[in-house]
Each structure stands twice: as structure tokens, then as C-alpha cells.
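Participant: Below is one structure. I have some questions about it.
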Amino acid sequence: MRQNPLTLEQLIEDLTRGNVTEVKVVLASVVLALAAYQLLLAGVVYGRVRLPFLSPEAAAWTHRATGRVIVVLVAVVATMCLAFYGFEEGGIHAVAGLVVLGVLAVKVLVVRLGRLGRLLPVLGVSLAALLTIVWLTSAGDFLGVSG
Amino acid sequence: MTGRPSQAVQIVGSMLVALAIVAVAIAVVTAHFGPASSAELEAREERIELREEAREGRREAREERLEERREG
């Protein structure tokens, strides 16, 4: 029998070599940067932005691929956040983070079902705004960008 | 005709842009951290400990030699 069972908290600390906050800040910043790119790509898909070298079809493909990467990164950051820090002292960050997960789930569901496609732009913009709030209340705070 | 590159080239290009965005984000954020990450601090502490251990070892060896000389 193991003396100290490996907890998720311990696993996260081991994987990040003790730099949990730093890794979380980097991953959250990558998510935010990709979210901004997603907005541009969505603009191309919906014809709001016209780029002579990028068709709406190609933009849609990259939008979906980048979106999948964002979903994985958000899941990793959320797991790190909840397992390592929990809900204590969460405040706006915790609430916005939970709403992000909810909106993300709804967006994936809408895409998978193939219905209510008209909601996608609203969901996408809301998601980007929420990710910005989540970033500003954690990574931005850590980097001294916000407040 | 706008003379757009082929679909595959457009997709590869836009994915490369995404990769570049990821690389820039990582570089900018890690540049903010400086040398204060705990891994680096741990490595520094380990180096100091090793140096102290080596110093301690040399001192002990010197004392042993002195004692042997006194006894002999």
C-alpha cells in the first residue's frame, strides 16, 4: 500500500515542477491570444472581415481547429485552478470561470446539434469577453496588467 | 478573380499564424516572470547546498589530516 496516495493537487505540482501559477498564467494567456484570433477568423467566416488571402471556408476550418485547442487548454487550466486553488478567494474570477465553462458547453452543443446556428456569433463574442474577464482577474492581475 | 492561394495553403498558413500567436504569447508572458520561478530558485538552492557540502567535506578531510599528523 502507498503511504502517500498521489492526489490531483500533487500531480499538478509535480508536472509544473512547483510553478503552478506560472504555468496557469502562460496557458491562460495562450487561450486569450487564440480567442482574439478566433474573433478575427469568425469575422472572415461571417463576411465581416475580408482578407484577400483567406477564404471563409479556410477560416472556418482553422476556427474549428483552434477552437478545439482552446477547449483542451480551458479544461486543463480549469482543472489546475479547481484542484489546486479551489473556490476560496475566487470571487469574480471563479464566477466568470464557471460561466466560461457553461457557455463553452452550450457552444459545443450548438455546433454538434447543427441547430440554432444563429446563436453562434453571440456565444462566441460572449465567450471571448468572459475569457478576457477571467484572464484579467487572474493572469492579468499576476502580470500587473489589470488594476 | 482575387488570385487566392489554394485551400490547403490557406489552411496551413492560417494554422501557422495560430502557432506564431501561441509562441509570441508564451514568449511575452515568460519574459515577465524573470528568474524568479520556483524551479530556478530550487536549482539555485541545490547548487548552494552542494557547494556547502563540498566545503564541509574539505574541512573535515583537513581536520582528519591534522589529527593524523598530531597522533603520528
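Naming scheme: A, B, ... for chains in displayed order of the C-alpha cells; residues 1 onward per chain; ligands 1 onward as shown.
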Find the residues of chain A in contact range of chain B, meaning any atom within 12 Å when counting only C-alpha atoms, and list them as a ChimeraX atom specification.
Facilitator: /A:13-38,40-41,44,50-67,69-70,73,139-140,142-145
Participant: Run DSSP on the backbone and grab whatever in chain B lands in alpha helix (DSSP H); send it over as a PyMOL selection string.
Facilitator: chain B and resi 7-33+38-71
Participant: Need to verify the contact set: segment 105-112 of chain A, 12 Å, only C-alpha atoms, exclusion of same-chain residues closer than 6 positions in sequence. Can you return it as a VMD selection string?
Facilitator: chain A and resid 64 67 to 68 70 to 71 74 to 75 98 to 99 118 to 127
Participant: What would the file look like if the residues just selected were written as a PDB file, in the first residue's frame with N, CA and C atoms?
Facilitator:
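Result file part_0.pdb:
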ATOM      1  N   ARG A  64     -12.338  26.125 -36.339  1.00  0.00           N
ATOM      2  CA  ARG A  64     -12.731  24.903 -35.632  1.00  0.00           C
ATOM      3  C   ARG A  64     -11.513  24.241 -34.967  1.00  0.00           C
ATOM      4  N   GLY A  67     -10.362  26.262 -32.096  1.00  0.00           N
ATOM      5  CA  GLY A  67     -11.389  26.134 -31.051  1.00  0.00           C
ATOM      6  C   GLY A  67     -11.194  24.878 -30.228  1.00  0.00           C
ATOM      7  N   ARG A  68     -10.835  23.783 -30.910  1.00  0.00           N
ATOM      8  CA  ARG A  68     -10.603  22.518 -30.184  1.00  0.00           C
ATOM      9  C   ARG A  68      -9.411  22.662 -29.233  1.00  0.00           C
ATOM     10  N   ILE A  70      -8.434  25.417 -27.872  1.00  0.00           N
ATOM     11  CA  ILE A  70      -8.880  26.273 -26.770  1.00  0.00           C
ATOM     12  C   ILE A  70      -9.678  25.458 -25.747  1.00  0.00           C
ATOM     13  N   VAL A  71     -10.552  24.580 -26.224  1.00  0.00           N
ATOM     14  CA  VAL A  71     -11.363  23.751 -25.308  1.00  0.00           C
ATOM     15  C   VAL A  71     -10.441  22.916 -24.414  1.00  0.00           C
ATOM     16  N   VAL A  74      -8.592  25.247 -21.946  1.00  0.00           N
ATOM     17  CA  VAL A  74      -9.513  25.735 -20.902  1.00  0.00           C
ATOM     18  C   VAL A  74      -9.769  24.620 -19.881  1.00  0.00           C
ATOM     19  N   ALA A  75      -9.939  23.398 -20.366  1.00  0.00           N
ATOM     20  CA  ALA A  75     -10.176  22.264 -19.452  1.00  0.00           C
ATOM     21  C   ALA A  75      -8.964  22.057 -18.541  1.00  0.00           C
ATOM     22  N   LEU A  98     -16.663  29.746 -14.185  1.00  0.00           N
ATOM     23  CA  LEU A  98     -17.758  28.772 -14.292  1.00  0.00           C
ATOM     24  C   LEU A  98     -18.673  29.108 -15.468  1.00  0.00           C
ATOM     25  N   VAL A  99     -18.927  30.410 -15.659  1.00  0.00           N
ATOM     26  CA  VAL A  99     -19.779  30.825 -16.787  1.00  0.00           C
ATOM     27  C   VAL A  99     -19.088  30.486 -18.110  1.00  0.00           C
ATOM     28  N   ARG A 118     -27.655  30.503 -35.484  1.00  0.00           N
ATOM     29  CA  ARG A 118     -27.671  31.966 -35.370  1.00  0.00           C
ATOM     30  C   ARG A 118     -27.154  32.448 -34.005  1.00  0.00           C
ATOM     31  N   LEU A 119     -27.141  31.512 -33.032  1.00  0.00           N
ATOM     32  CA  LEU A 119     -26.648  31.875 -31.696  1.00  0.00           C
ATOM     33  C   LEU A 119     -25.119  31.887 -31.615  1.00  0.00           C
ATOM     34  N   LEU A 120     -24.474  31.234 -32.593  1.00  0.00           N
ATOM     35  CA  LEU A 120     -23.015  31.069 -32.514  1.00  0.00           C
ATOM     36  C   LEU A 120     -22.230  32.386 -32.400  1.00  0.00           C
ATOM     37  N   PRO A 121     -22.565  33.411 -33.222  1.00  0.00           N
ATOM     38  CA  PRO A 121     -21.802  34.661 -33.068  1.00  0.00           C
ATOM     39  C   PRO A 121     -21.933  35.267 -31.670  1.00  0.00           C
ATOM     40  N   VAL A 122     -23.150  35.238 -31.120  1.00  0.00           N
ATOM     41  CA  VAL A 122     -23.371  35.791 -29.771  1.00  0.00           C
ATOM     42  C   VAL A 122     -22.593  34.979 -28.738  1.00  0.00           C
ATOM     43  N   LEU A 123     -22.666  33.652 -28.872  1.00  0.00           N
ATOM     44  CA  LEU A 123     -21.943  32.782 -27.932  1.00  0.00           C
ATOM     45  C   LEU A 123     -20.432  33.000 -28.041  1.00  0.00           C
ATOM     46  N   GLY A 124     -19.956  33.129 -29.271  1.00  0.00           N
ATOM     47  CA  GLY A 124     -18.516  33.318 -29.499  1.00  0.00           C
ATOM     48  C   GLY A 124     -18.006  34.614 -28.899  1.00  0.00           C
ATOM     49  N   VAL A 125     -18.740  35.698 -29.146  1.00  0.00           N
ATOM     50  CA  VAL A 125     -18.318  37.006 -28.613  1.00  0.00           C
ATOM     51  C   VAL A 125     -18.416  36.997 -27.083  1.00  0.00           C
ATOM     52  N   SER A 126     -19.484  36.375 -26.553  1.00  0.00           N
ATOM     53  CA  SER A 126     -19.629  36.292 -25.087  1.00  0.00           C
ATOM     54  C   SER A 126     -18.468  35.506 -24.488  1.00  0.00           C
ATOM     55  N   LEU A 127     -18.107  34.423 -25.145  1.00  0.00           N
ATOM     56  CA  LEU A 127     -17.009  33.571 -24.666  1.00  0.00           C
ATOM     57  C   LEU A 127     -15.697  34.361 -24.636  1.00  0.00           C
TER      58      LEU A 127
END
Participant: Between A:Val134, A:Val49, A:Leu113, A:Leu8, which one has atoms that come closest to Ala94 of chain A, using only C-alpha atoms?
Facilitator: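 With only C-alpha atoms as the atom set, the closest residue is A:Val134.
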